[in-house]
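To be precise, the following lines are start-v6.tsv, and they hold TSV, C-alpha atoms.
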```
chain	number	residue	atom	x	y	z
A	1243	MET	CA	0.00	0.00	0.00
A	1244	SER	CA	2.76	2.39	0.98
A	1245	TYR	CA	4.52	1.48	-2.31
A	1246	VAL	CA	1.42	2.55	-4.25
A	1247	LYS	CA	1.19	5.80	-2.29
A	1248	SER	CA	4.83	6.67	-2.81
A	1249	SER	CA	4.62	5.79	-6.53
A	1250	ALA	CA	1.57	7.98	-6.89
A	1251	ALA	CA	3.31	10.81	-5.06
A	1252	LEU	CA	6.37	10.43	-7.28
A	1253	ALA	CA	4.20	10.45	-10.41
A	1254	LEU	CA	2.46	13.59	-9.20
A	1255	VAL	CA	5.80	15.31	-8.50
A	1256	LEU	CA	7.07	14.35	-11.97
A	1257	LEU	CA	3.85	15.59	-13.57
A	1258	LEU	CA	4.07	18.92	-11.77
A	1259	ALA	CA	7.77	19.26	-12.60
A	1260	SER	CA	7.10	18.66	-16.31
A	1261	HIS	CA	4.32	21.25	-16.19
A	1262	VAL	CA	6.70	23.82	-14.69
A	1263	VAL	CA	9.36	23.10	-17.35
A	1264	HIS	CA	6.69	23.43	-20.05
A	1265	ALA	CA	5.51	26.77	-18.64
A	1266	LYS	CA	9.07	28.13	-18.66
A	1267	GLY	CA	9.59	27.00	-22.21
A	1268	ASP	CA	6.48	28.71	-23.55
A	1269	ASP	CA	6.29	32.07	-21.88
A	1270	PHE	CA	4.31	33.58	-24.77
A	1271	ASN	CA	1.31	31.35	-24.00
A	1272	SER	CA	1.80	31.90	-20.27
A	1273	VAL	CA	1.63	35.67	-20.75
A	1274	VAL	CA	-1.49	35.38	-22.91
A	1275	LYS	CA	-3.15	33.21	-20.24
A	1276	MET	CA	-2.03	35.59	-17.52
A	1277	ILE	CA	-3.69	38.54	-19.28
A	1278	GLU	CA	-6.85	36.47	-19.77
A	1279	GLN	CA	-6.97	35.53	-16.10
A	1280	PHE	CA	-5.98	38.94	-14.73
A	1281	TYR	CA	-8.45	40.97	-16.79
A	1282	GLY	CA	-11.07	38.28	-17.43
A	1283	VAL	CA	-10.69	38.60	-21.22
A	1284	LYS	CA	-10.19	36.22	-24.17
A	1285	HIS	CA	-7.77	36.60	-27.06
A	1286	VAL	CA	-8.91	36.36	-30.66
A	1287	GLY	CA	-7.80	33.28	-32.54
A	1288	ILE	CA	-5.65	33.87	-35.61
A	1289	PRO	CA	-6.81	32.02	-38.71
A	1290	PHE	CA	-4.45	29.37	-40.06
A	1291	LEU	CA	-4.02	31.21	-43.37
A	1292	ALA	CA	-3.00	34.38	-41.59
A	1293	LYS	CA	-0.42	32.38	-39.63
A	1294	ALA	CA	0.93	30.93	-42.86
A	1295	GLY	CA	0.92	34.42	-44.36
A	1296	MET	CA	3.18	35.66	-41.58
A	1297	LYS	CA	5.97	33.48	-42.85
A	1298	VAL	CA	6.05	35.00	-46.30
A	1299	ALA	CA	4.46	38.39	-45.94
A	1300	ARG	CA	6.62	41.42	-46.54
A	1301	THR	CA	5.93	44.50	-44.57
A	1302	ALA	CA	7.63	47.71	-43.75
A	1303	ALA	CA	7.87	49.46	-40.45
A	1304	ARG	CA	9.19	52.94	-39.96
A	1305	ILE	CA	11.88	52.93	-37.34
A	1306	LYS	CA	14.29	55.45	-35.92
A	1307	GLY	CA	16.46	56.86	-38.64
A	1308	GLY	CA	13.67	56.87	-41.18
A	1309	GLU	CA	14.69	53.64	-42.89
A	1310	ALA	CA	11.88	51.23	-43.68
A	1311	LYS	CA	12.68	47.56	-43.29
A	1312	ARG	CA	11.44	44.34	-41.82
A	1313	ILE	CA	12.43	43.83	-38.21
A	1314	ALA	CA	11.38	40.34	-37.13
A	1315	GLU	CA	13.05	37.25	-38.51
A	1316	ALA	CA	10.84	35.52	-41.07
A	1317	GLY	CA	8.41	33.06	-39.53
A	1318	SER	CA	9.29	34.01	-35.97
A	1319	ILE	CA	6.21	36.04	-35.09
A	1320	LYS	CA	3.85	34.83	-32.39
A	1321	LEU	CA	0.85	37.09	-32.00
A	1322	ALA	CA	-2.18	37.18	-29.72
A	1323	VAL	CA	-4.76	39.93	-30.12
A	1324	PHE	CA	-7.41	41.03	-27.65
A	1325	GLU	CA	-10.13	43.18	-29.19
A	1326	ASN	CA	-12.89	45.34	-27.74
A	1327	GLN	CA	-12.63	44.13	-24.16
A	1328	ASP	CA	-12.07	45.86	-20.84
A	1329	PHE	CA	-8.55	46.26	-19.49
A	1330	ASN	CA	-9.41	48.33	-16.48
A	1331	GLY	CA	-6.83	49.75	-14.10
A	1332	GLU	CA	-4.70	47.87	-11.60
A	1333	PHE	CA	-1.77	48.11	-13.94
A	1334	THR	CA	0.80	48.43	-11.18
A	1335	LYS	CA	-0.45	45.10	-9.84
A	1336	PHE	CA	-0.42	43.64	-13.33
A	1337	ARG	CA	3.14	44.87	-13.88
A	1338	SER	CA	4.31	43.19	-10.66
A	1339	THR	CA	2.60	39.93	-11.62
A	1340	LEU	CA	4.09	40.02	-15.12
A	1341	ASN	CA	7.60	40.84	-13.94
A	1342	ALA	CA	7.48	38.13	-11.29
A	1343	ALA	CA	6.43	35.57	-13.90
A	1344	LEU	CA	9.06	36.49	-16.49
A	1345	ASN	CA	12.09	37.63	-14.53
A	1346	GLN	CA	13.72	34.19	-14.44
A	1347	THR	CA	14.11	33.90	-18.19
A	1348	TRP	CA	13.54	37.36	-19.65
A	1349	SER	CA	15.18	40.75	-19.07
A	1350	PRO	CA	12.80	43.71	-18.78
A	1351	LEU	CA	14.13	46.35	-21.17
A	1352	VAL	CA	11.55	49.13	-21.06
A	1353	GLN	CA	8.15	49.44	-19.45
A	1354	THR	CA	5.90	52.41	-20.22
A	1355	LEU	CA	2.64	53.00	-18.41
A	1356	SER	CA	0.09	55.77	-18.70
A	1357	ALA	CA	-2.44	56.14	-15.91
A	1358	THR	CA	-4.43	58.76	-17.81
A	1359	ASP	CA	-4.70	56.82	-21.08
A	1360	GLY	CA	-4.73	53.39	-19.43
A	1361	GLU	CA	-1.93	52.24	-21.74
A	1362	GLN	CA	0.81	49.80	-20.87
A	1363	VAL	CA	3.78	48.71	-22.95
A	1364	TYR	CA	6.27	46.10	-21.77
A	1365	ILE	CA	9.36	45.04	-23.70
A	1366	PHE	CA	11.30	41.97	-22.56
A	1367	MET	CA	14.18	40.20	-24.25
A	1368	ARG	CA	16.27	37.05	-23.92
A	1369	GLU	CA	19.08	35.36	-25.79
A	1370	ALA	CA	18.17	32.59	-28.23
A	1371	GLY	CA	21.45	31.17	-29.50
A	1372	GLU	CA	22.98	33.73	-31.85
A	1373	LYS	CA	19.68	35.62	-32.08
A	1374	PHE	CA	17.32	37.18	-29.57
A	1375	ASN	CA	13.70	36.74	-28.57
A	1376	VAL	CA	11.75	39.90	-27.88
A	1377	LEU	CA	8.36	39.98	-26.19
A	1378	VAL	CA	6.27	43.12	-26.61
A	1379	ILE	CA	3.07	43.39	-24.59
A	1380	THR	CA	0.83	46.36	-25.38
A	1381	ILE	CA	-2.35	46.91	-23.41
A	1382	ALA	CA	-4.77	49.77	-24.05
A	1383	GLN	CA	-8.17	50.43	-22.46
A	1384	ARG	CA	-10.09	48.22	-24.92
A	1385	ASP	CA	-7.43	46.28	-26.86
A	1386	ALA	CA	-4.20	44.43	-26.26
A	1387	THR	CA	-1.54	42.59	-28.22
A	1388	VAL	CA	1.17	40.17	-27.21
A	1389	VAL	CA	3.92	39.76	-29.78
A	1390	GLN	CA	6.96	37.53	-29.59
A	1391	VAL	CA	9.57	37.77	-32.34
A	1392	THR	CA	13.11	36.69	-32.99
A	1393	LEU	CA	15.54	39.45	-33.88
A	1394	SER	CA	18.93	39.38	-35.52
A	1395	PRO	CA	21.76	41.04	-33.56
A	1396	LYS	CA	21.55	43.98	-35.98
A	1397	ASN	CA	17.87	44.58	-35.27
A	1398	LEU	CA	18.38	44.03	-31.57
A	1399	ALA	CA	20.84	46.92	-31.73
A	1400	LEU	CA	18.00	49.05	-33.15
A	1401	LEU	CA	15.76	47.97	-30.28
A	1402	MET	CA	18.40	48.83	-27.70
A	1403	LYS	CA	19.06	52.23	-29.26
A	1404	ASP	CA	15.38	53.12	-29.41
A	1405	PRO	CA	13.39	50.64	-27.29
A	1406	GLU	CA	10.04	52.45	-27.43
A	1407	GLY	CA	10.11	53.23	-31.16
A	1408	THR	CA	11.33	49.81	-32.22
A	1409	GLY	CA	8.97	48.04	-29.79
A	1410	LYS	CA	6.07	49.90	-31.41
A	1411	ALA	CA	7.38	49.02	-34.88
A	1412	ILE	CA	7.56	45.33	-33.92
A	1413	THR	CA	3.92	45.34	-32.81
A	1414	GLU	CA	2.85	47.24	-35.93
A	1415	GLU	CA	4.75	44.82	-38.13
A	1416	ALA	CA	3.17	41.79	-36.46
A	1417	THR	CA	-0.36	43.18	-36.71
A	1418	ILE	CA	0.08	44.37	-40.30
A	1419	ILE	CA	1.28	40.91	-41.29
A	1420	ASP	CA	-1.72	39.47	-39.50
A	1421	GLN	CA	-4.04	41.57	-41.65
A	1422	GLU	CA	-2.35	40.69	-44.94
B	863	MET	CA	40.37	30.16	31.94
B	864	LYS	CA	38.26	31.01	28.89
B	865	THR	CA	34.53	31.57	29.33
B	866	LEU	CA	31.88	29.85	27.20
B	867	PHE	CA	31.48	33.09	25.23
B	868	GLN	CA	35.17	33.26	24.45
B	869	THR	CA	35.50	29.67	23.31
B	870	LYS	CA	32.16	28.79	21.70
B	871	LEU	CA	30.60	32.03	20.59
B	872	ALA	CA	33.39	34.52	20.03
B	873	THR	CA	34.76	32.99	16.82
B	874	PRO	CA	31.43	32.69	14.98
B	875	LEU	CA	30.41	36.14	16.23
B	876	ILE	CA	33.62	37.70	14.93
B	877	ALA	CA	33.19	35.86	11.63
B	878	LEU	CA	29.62	37.14	11.40
B	879	LEU	CA	30.73	40.70	12.15
B	880	LEU	CA	33.44	40.47	9.50
B	881	ILE	CA	30.95	39.19	6.91
B	882	ALA	CA	28.43	41.88	7.83
B	883	GLY	CA	31.15	44.53	7.73
B	884	SER	CA	32.35	43.52	4.29
B	885	ALA	CA	28.75	43.42	3.05
B	886	VAL	CA	28.24	46.98	4.28
B	887	ALA	CA	31.51	48.09	2.64
B	888	THR	CA	30.52	46.48	-0.65
B	889	ARG	CA	27.10	48.12	-0.50
B	890	ALA	CA	28.66	51.49	0.22
B	891	GLN	CA	30.57	51.31	-3.06
B	892	ASP	CA	27.67	50.04	-5.12
B	893	SER	CA	26.17	52.87	-7.13
B	894	ARG	CA	22.94	51.03	-7.99
B	895	LEU	CA	20.13	52.96	-6.37
B	896	GLN	CA	16.85	51.54	-5.19
B	897	LEU	CA	14.34	53.40	-7.32
B	898	ASN	CA	11.23	51.43	-6.42
B	899	GLY	CA	10.35	54.00	-3.74
B	900	LEU	CA	8.96	56.00	-6.67
B	901	ASP	CA	6.83	53.20	-8.10
B	902	HIS	CA	3.63	54.49	-6.49
B	903	LEU	CA	3.85	57.56	-8.77
B	904	THR	CA	3.04	55.32	-11.72
B	905	ALA	CA	-0.63	55.40	-10.75
B	906	LYS	CA	-0.68	59.24	-10.96
B	907	ALA	CA	1.54	59.78	-13.98
B	908	SER	CA	0.23	60.54	-17.43
B	909	GLN	CA	3.25	58.60	-18.56
B	910	SER	CA	5.89	56.62	-16.69
B	911	VAL	CA	8.92	55.02	-18.28
B	912	ASP	CA	11.07	52.41	-16.62
B	913	VAL	CA	14.32	51.40	-18.32
B	914	ASN	CA	16.41	48.52	-16.99
B	915	ILE	CA	19.68	47.79	-18.77
B	916	ASP	CA	21.54	45.45	-16.47
B	917	GLU	CA	25.05	44.03	-16.87
B	918	LYS	CA	23.77	41.18	-19.02
B	919	LEU	CA	22.07	43.58	-21.44
B	920	ILE	CA	25.19	45.77	-21.54
B	921	ARG	CA	27.19	42.68	-22.51
B	922	ILE	CA	24.65	41.94	-25.25
B	923	ALA	CA	24.81	45.57	-26.44
B	924	LEU	CA	28.58	45.27	-26.76
B	925	LYS	CA	28.03	42.15	-28.85
B	926	VAL	CA	25.31	43.47	-31.18
B	927	PHE	CA	26.47	47.04	-31.74
B	928	SER	CA	28.52	47.24	-34.90
B	929	ASP	CA	32.04	48.60	-35.16
B	930	ASN	CA	31.24	49.65	-38.75
B	931	ASP	CA	28.52	52.08	-37.67
B	932	PRO	CA	30.20	55.22	-36.23
B	933	GLU	CA	27.31	55.93	-33.84
B	934	GLU	CA	27.18	52.36	-32.53
B	935	ARG	CA	30.97	52.22	-32.27
B	936	GLU	CA	30.88	55.33	-30.11
B	937	VAL	CA	28.14	53.91	-27.87
B	938	LYS	CA	30.13	50.68	-27.52
B	939	LYS	CA	33.11	52.67	-26.28
B	940	VAL	CA	30.92	54.51	-23.82
B	941	VAL	CA	29.15	51.50	-22.33
B	942	ALA	CA	32.27	49.32	-22.08
B	943	GLY	CA	32.79	48.81	-18.36
B	944	ILE	CA	29.34	50.06	-17.39
B	945	LYS	CA	27.39	47.60	-15.26
B	946	GLY	CA	23.92	49.00	-15.55
B	947	ILE	CA	21.71	51.83	-16.76
B	948	TYR	CA	18.45	52.41	-14.90
B	949	VAL	CA	15.95	55.15	-15.73
B	950	LYS	CA	12.66	56.13	-14.17
B	951	ARG	CA	10.73	58.99	-15.71
B	952	PHE	CA	7.32	60.29	-14.74
B	953	GLU	CA	5.24	62.91	-16.55
B	954	PHE	CA	2.16	64.37	-14.90
B	955	GLU	CA	-0.81	66.31	-16.24
B	956	THR	CA	-1.04	68.59	-13.21
B	957	ASP	CA	1.42	70.20	-10.80
B	958	GLY	CA	2.37	68.75	-7.43
B	959	GLN	CA	1.79	65.08	-8.10
B	960	TYR	CA	5.07	64.09	-6.48
B	961	THR	CA	6.35	65.34	-3.13
B	962	ALA	CA	9.64	66.27	-1.50
B	963	ALA	CA	9.39	62.96	0.34
B	964	ASP	CA	9.47	61.14	-2.99
B	965	MET	CA	12.67	62.98	-3.93
B	966	GLU	CA	14.08	62.16	-0.51
B	967	THR	CA	13.84	58.41	-1.19
B	968	ILE	CA	16.54	59.02	-3.81
B	969	ARG	CA	18.52	61.82	-2.17
B	970	THR	CA	18.91	59.81	1.05
B	971	GLN	CA	20.82	57.17	-0.92
B	972	LEU	CA	22.94	59.86	-2.56
B	973	ARG	CA	24.11	61.06	0.84
B	974	GLY	CA	25.87	57.71	1.29
B	975	PRO	CA	29.66	57.36	1.32
B	976	GLY	CA	31.43	58.26	-1.91
B	977	TRP	CA	28.62	60.25	-3.54
B	978	THR	CA	29.36	63.89	-4.44
B	979	ARG	CA	26.96	66.38	-5.97
B	980	LEU	CA	28.56	67.84	-9.09
B	981	VAL	CA	25.70	69.92	-10.42
B	982	ASN	CA	22.79	71.56	-8.64
B	983	VAL	CA	20.74	73.87	-10.83
B	984	ARG	CA	17.47	75.28	-9.51
B	985	SER	CA	15.27	77.19	-11.89
B	986	GLN	CA	11.57	78.07	-11.67
B	987	LYS	CA	11.46	78.19	-15.45
B	988	GLU	CA	13.71	75.34	-16.51
B	989	GLY	CA	13.23	73.02	-13.54
B	990	ASN	CA	15.83	71.50	-11.24
B	991	LEU	CA	18.83	69.42	-12.16
B	992	GLU	CA	21.15	67.57	-9.82
B	993	VAL	CA	24.06	65.39	-10.89
B	994	TYR	CA	25.84	63.11	-8.43
B	995	LEU	CA	29.04	61.13	-8.94
B	996	LEU	CA	30.15	58.14	-6.88
B	997	MET	CA	33.90	57.93	-6.37
B	998	ASN	CA	35.47	54.65	-5.32
B	999	GLY	CA	38.90	56.00	-4.43
B	1000	GLU	CA	40.33	57.38	-7.65
B	1001	THR	CA	37.80	55.75	-9.94
B	1002	VAL	CA	34.23	56.72	-10.80
B	1003	GLY	CA	31.79	54.07	-9.59
B	1004	GLY	CA	28.59	55.57	-10.92
B	1005	LEU	CA	26.51	58.59	-11.77
B	1006	THR	CA	23.01	59.70	-10.95
B	1007	VAL	CA	20.95	62.48	-12.50
B	1008	LEU	CA	17.85	63.84	-10.79
B	1009	SER	CA	15.85	66.08	-13.08
B	1010	SER	CA	12.57	67.56	-11.99
B	1011	ASP	CA	10.05	70.27	-12.68
B	1012	LEU	CA	6.46	70.77	-11.64
B	1013	ARG	CA	5.13	68.07	-13.96
B	1014	GLU	CA	8.09	65.83	-14.55
B	1015	LEU	CA	10.51	63.71	-12.56
B	1016	THR	CA	13.43	61.76	-14.04
B	1017	VAL	CA	16.08	59.66	-12.34
B	1018	VAL	CA	18.96	58.25	-14.37
B	1019	ASN	CA	21.27	55.89	-12.48
B	1020	ILE	CA	24.35	54.57	-14.24
B	1021	VAL	CA	26.41	51.93	-12.47
B	1022	GLY	CA	30.11	51.77	-13.32
B	1023	PRO	CA	32.72	54.15	-14.72
B	1024	VAL	CA	30.95	57.03	-16.43
B	1025	ASP	CA	31.23	60.79	-16.63
B	1026	LEU	CA	29.12	63.66	-17.94
B	1027	ASP	CA	30.63	63.45	-21.43
B	1028	LYS	CA	29.78	59.76	-21.61
B	1029	LEU	CA	26.28	60.43	-20.31
B	1030	ALA	CA	25.81	63.06	-23.02
B	1031	LYS	CA	26.68	60.41	-25.63
B	1032	LEU	CA	24.16	58.01	-24.09
B	1033	GLU	CA	21.29	60.53	-24.18
B	1034	GLY	CA	18.63	59.28	-26.56
B	1035	GLN	CA	20.08	55.73	-26.50
B	1036	PHE	CA	18.77	52.80	-24.43
B	1037	GLY	CA	15.69	54.82	-23.50
B	1038	ILE	CA	17.78	57.47	-21.69
B	1039	PRO	CA	15.96	60.77	-22.13
B	1040	GLU	CA	17.60	63.94	-23.46
B	1041	LEU	CA	18.69	65.72	-20.31
B	1042	ASP	CA	20.60	68.63	-21.84
B	1043	ILE	CA	23.26	68.61	-19.17
B	1044	ALA	CA	26.23	68.72	-21.52
B	1045	PRO	CA	27.26	70.95	-24.42
B	1046	ALA	CA	25.04	70.52	-27.45
B	1047	LYS	CA	25.96	67.62	-29.67
B	1048	PRO	CA	26.98	68.40	-33.26
B	1049	LYS	CA	24.14	67.96	-35.72
B	1050	SER	CA	24.08	64.63	-37.52
B	1051	LYS	CA	23.36	64.35	-41.23
B	1052	ASN	CA	19.88	63.01	-40.44
B	1053	ASP	CA	19.07	66.10	-38.39
B	1054	GLU	CA	19.99	68.33	-41.27
B	1055	LYS	CA	17.66	66.59	-43.73
```
Could you write out this structure as structure tokens?
Amino acid sequence: MSYVKSSAALALVLLLASHVVHAKGDDFNSVVKMIEQFYGVKHVGIPFLAKAGMKVARTAARIKGGEAKRIAEAGSIKLAVFENQDFNGEFTKFRSTLNAALNQTWSPLVQTLSATDGEQVYIFMREAGEKFNVLVITIAQRDATVVQVTLSPKNLALLMKDPEGTGKAITEEATIIDQE
Amino acid sequence: MKTLFQTKLATPLIALLLIAGSAVATRAQDSRLQLNGLDHLTAKASQSVDVNIDEKLIRIALKVFSDNDPEEREVKKVVAGIKGIYVKRFEFETDGQYTAADMETIRTQLRGPGWTRLVNVRSQKEGNLEVYLLMNGETVGGLTVLSSDLRELTVVNIVGPVDLDKLAKLEGQFGIPELDIAPAKPKSKNDEK
């Protein structure tokens, strides 16, 4: 009997451990779920064709310096969109929750909040081999987007030089591609 | 004859005091400020910006900035050796949204050992500007800029060897706002277009 109990306990521990590893490995989905739970909202599903389109679509984003070029590496865009829902207040609490969830694996680069407009922008990054993952979370009063992209070192330099401008351009690029 | 204190407790106590002492000494030379005393202002600000470039991100910046681009090459030179750049900036729609007590949460830390105030400009029209430098012996350990006016408060904290010239070159990079504390930079070709 005790053998069964200890085996069950071990299985449970292994199951929980694998869940934790999975959560760490897929922070994009964790962030989307966190927004859904925190604000009681649901993200809009992206049609399969739009996803396929992301891999080949060409788009231009105006970035600091006036040069128009693609920022994200082809096929690297993960996008979740929240439309016409309430993202009311409590953003300092949301920021703490978000930072606590991501600070093990991501570095917070810039965070911009506006109490009057109810807007929040968070830019996180992490190394991914020779390239870099960037997570841009933009929350307005009625809409939100979560974008994860892979950047080349050259484009990461652009992000570091002008985090706010390039972060905005990354979100614009992802959403434009989504509409194409 | 030795007492119980002398034999059993004295050694660990001395060791503990030494560890605590060295921790205090290390902290005294660390120019990283605790800026989260200002976090509550986020709820009042029309815009708040929080920039965190830690040592890891500086290392990445050194890797990704190109030596072929004159601007990036210059920034690489400037950030080499720097261990962190931290910025908090708040903009308010009305006057008086932050208090002297808020400023004190920063100034208290800048009264610590090694910190010297280099610049202290007070102007009703232009706002206030304070620049502090941390000296670790002969070397600069960090720099802090406190810029404020009725509707704006900015703290820039740079950890590591930096001076005002370097800070001027970092303005507008890494989310560091234009603080106008150094001579005007020469116009770039892009500005002239």
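From atom CA of A:Glu1414 back to atom CA of A:Val1389, the distance works out to 9.7 Å.
Across the structure, atom CA of A:Ile1313 and atom CA of A:Pro1350 are spaced 19.4 Å apart.
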Residue list as JSON, numbers by chain for point (18.6, 56.8, -20.8), cut-off 8 Å, all atoms listed in the file
{"B": [913, 947, 948, 949, 1018, 1032, 1033, 1034, 1035, 1036, 1037, 1038, 1039, 1040]}
Expressed in Å to a single decimal, how great is the separation between atom CA of A:Val1274 and atom CA of B:Gln909?
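Atom CA of A:Val1274 sits 24.1 Å away from atom CA of B:Gln909.
Non-sequential neighbours of B:Ser1009 (distance at most 6 Å, separation of 4 or more positions within a chain, all atoms listed in the file) are Asn990, Leu991, Leu1015 and Thr1016 of chain B.
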Within 7 Å of chain A, which residues of chain B are there when counting only C-alpha atoms? Please give them as a list in words.
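Contact residues on the first chain: Thr904, Ala905, Lys906, Ala907, Ser908, Gln909, Ser910, Val911, Asp912, Val913, Asn914, Ile915, Ala923, Val926, Phe927, Gln1035, Phe1036 and Gly1037 of chain B.
Minimum atom-to-atom distances from B:Ala963, B:Ile922, B:Leu897, B:Leu1029 to B:Glu936 were compared using all atoms listed in the file, and the lowest value belongs to B:Leu1029.
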How would you write as a PDB file with C-alpha atoms, keeping the file's coordinate frame the residues that get within 9 Å of (27.6, 55.0, -25.7) in the file's frame, counting only C-alpha atoms?
```pdb
ATOM      1  CA  GLU B 933      27.310  55.930 -33.840  1.00  0.00           C
ATOM      2  CA  GLU B 934      27.180  52.360 -32.530  1.00  0.00           C
ATOM      3  CA  ARG B 935      30.970  52.220 -32.270  1.00  0.00           C
ATOM      4  CA  GLU B 936      30.880  55.330 -30.110  1.00  0.00           C
ATOM      5  CA  VAL B 937      28.140  53.910 -27.870  1.00  0.00           C
ATOM      6  CA  LYS B 938      30.130  50.680 -27.520  1.00  0.00           C
ATOM      7  CA  LYS B 939      33.110  52.670 -26.280  1.00  0.00           C
ATOM      8  CA  VAL B 940      30.920  54.510 -23.820  1.00  0.00           C
ATOM      9  CA  VAL B 941      29.150  51.500 -22.330  1.00  0.00           C
ATOM     10  CA  ALA B 942      32.270  49.320 -22.080  1.00  0.00           C
ATOM     11  CA  LYS B1028      29.780  59.760 -21.610  1.00  0.00           C
ATOM     12  CA  LEU B1029      26.280  60.430 -20.310  1.00  0.00           C
ATOM     13  CA  ALA B1030      25.810  63.060 -23.020  1.00  0.00           C
ATOM     14  CA  LYS B1031      26.680  60.410 -25.630  1.00  0.00           C
ATOM     15  CA  LEU B1032      24.160  58.010 -24.090  1.00  0.00           C
ATOM     16  CA  GLU B1033      21.290  60.530 -24.180  1.00  0.00           C
ATOM     17  CA  GLN B1035      20.080  55.730 -26.500  1.00  0.00           C
TER      18      GLN B1035
END
```
Name the residues in contact with stretch 977-985 of chain B at a cut-off of 12 Å, using only C-alpha atoms, excluding same-chain residues fewer than 6 positions from it; report them as a PyMOL selection string.
chain B and resi 890-895+969-971+991-999+1002-1012+1025-1026+1043-1044
Residues near stretch 1278-1280 of chain A, anyone? I mean within 10 Å using only C-alpha atoms, not counting same-chain ones fewer than 2 positions away, as a list of chain:residue names.
A:Ser1272, A:Val1273, A:Val1274, A:Lys1275, A:Met1276, A:Gly1282, A:Val1283, A:Lys1284, A:His1285, A:Phe1324, A:Phe1329, A:Glu1332, A:Lys1335, A:Phe1336, A:Thr1339
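Proximity to A:Asp1328 was assessed for A:Ala1343, A:Ala1386, A:Val1376, A:Ala1370 counting all atoms listed in the file; the smallest distance is recorded for A:Ala1386.
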Please identify all polymer residues within 12 Å of A:Phe1270, counting only C-alpha atoms, omitting same-chain residues fewer than 2 positions from it, and present them as a ChimeraX atom specification.
/A:1264-1268,1272-1277,1319-1322,1340,1343-1344,1347-1348,1366-1367,1375-1379,1387-1391
Please produce stretch 965-978 of chain B, completed to N, CA and C atoms, as an mmCIF file, in the frame of the given file.
```
data_model
loop_
_atom_site.group_PDB
_atom_site.id
_atom_site.type_symbol
_atom_site.label_atom_id
_atom_site.label_comp_id
_atom_site.auth_asym_id
_atom_site.auth_seq_id
_atom_site.Cartn_x
_atom_site.Cartn_y
_atom_site.Cartn_z
ATOM 1 N N MET B 965 11.297 62.647 -3.539
ATOM 2 C CA MET B 965 12.670 62.980 -3.930
ATOM 3 C C MET B 965 13.651 62.494 -2.855
ATOM 4 N N GLU B 966 13.207 62.568 -1.617
ATOM 5 C CA GLU B 966 14.080 62.160 -0.510
ATOM 6 C C GLU B 966 14.436 60.682 -0.564
ATOM 7 N N THR B 967 13.528 59.852 -1.104
ATOM 8 C CA THR B 967 13.840 58.410 -1.190
ATOM 9 C C THR B 967 15.091 58.191 -2.040
ATOM 10 N N ILE B 968 15.341 59.119 -2.968
ATOM 11 C CA ILE B 968 16.540 59.020 -3.810
ATOM 12 C C ILE B 968 17.706 59.771 -3.172
ATOM 13 N N ARG B 969 17.435 60.988 -2.724
ATOM 14 C CA ARG B 969 18.520 61.820 -2.170
ATOM 15 C C ARG B 969 19.170 61.173 -0.946
ATOM 16 N N THR B 970 18.369 60.485 -0.138
ATOM 17 C CA THR B 970 18.910 59.810 1.050
ATOM 18 C C THR B 970 20.025 58.854 0.634
ATOM 19 N N GLN B 971 19.798 58.132 -0.455
ATOM 20 C CA GLN B 971 20.820 57.170 -0.920
ATOM 21 C C GLN B 971 22.051 57.908 -1.448
ATOM 22 N N LEU B 972 21.824 59.111 -1.968
ATOM 23 C CA LEU B 972 22.940 59.860 -2.560
ATOM 24 C C LEU B 972 23.760 60.605 -1.497
ATOM 25 N N ARG B 973 23.308 60.505 -0.248
ATOM 26 C CA ARG B 973 24.110 61.060 0.840
ATOM 27 C C ARG B 973 25.058 60.005 1.402
ATOM 28 N N GLY B 974 25.010 58.812 0.840
ATOM 29 C CA GLY B 974 25.870 57.710 1.290
ATOM 30 C C GLY B 974 27.325 57.979 0.968
ATOM 31 N N PRO B 975 28.226 57.143 1.526
ATOM 32 C CA PRO B 975 29.660 57.360 1.320
ATOM 33 C C PRO B 975 30.050 57.322 -0.156
ATOM 34 N N GLY B 976 30.894 58.263 -0.545
ATOM 35 C CA GLY B 976 31.430 58.260 -1.910
ATOM 36 C C GLY B 976 30.679 59.156 -2.879
ATOM 37 N N TRP B 977 29.408 59.445 -2.602
ATOM 38 C CA TRP B 977 28.620 60.250 -3.540
ATOM 39 C C TRP B 977 28.935 61.747 -3.361
ATOM 40 N N THR B 978 29.138 62.441 -4.462
ATOM 41 C CA THR B 978 29.360 63.890 -4.440
ATOM 42 C C THR B 978 28.415 64.545 -5.427
#
```
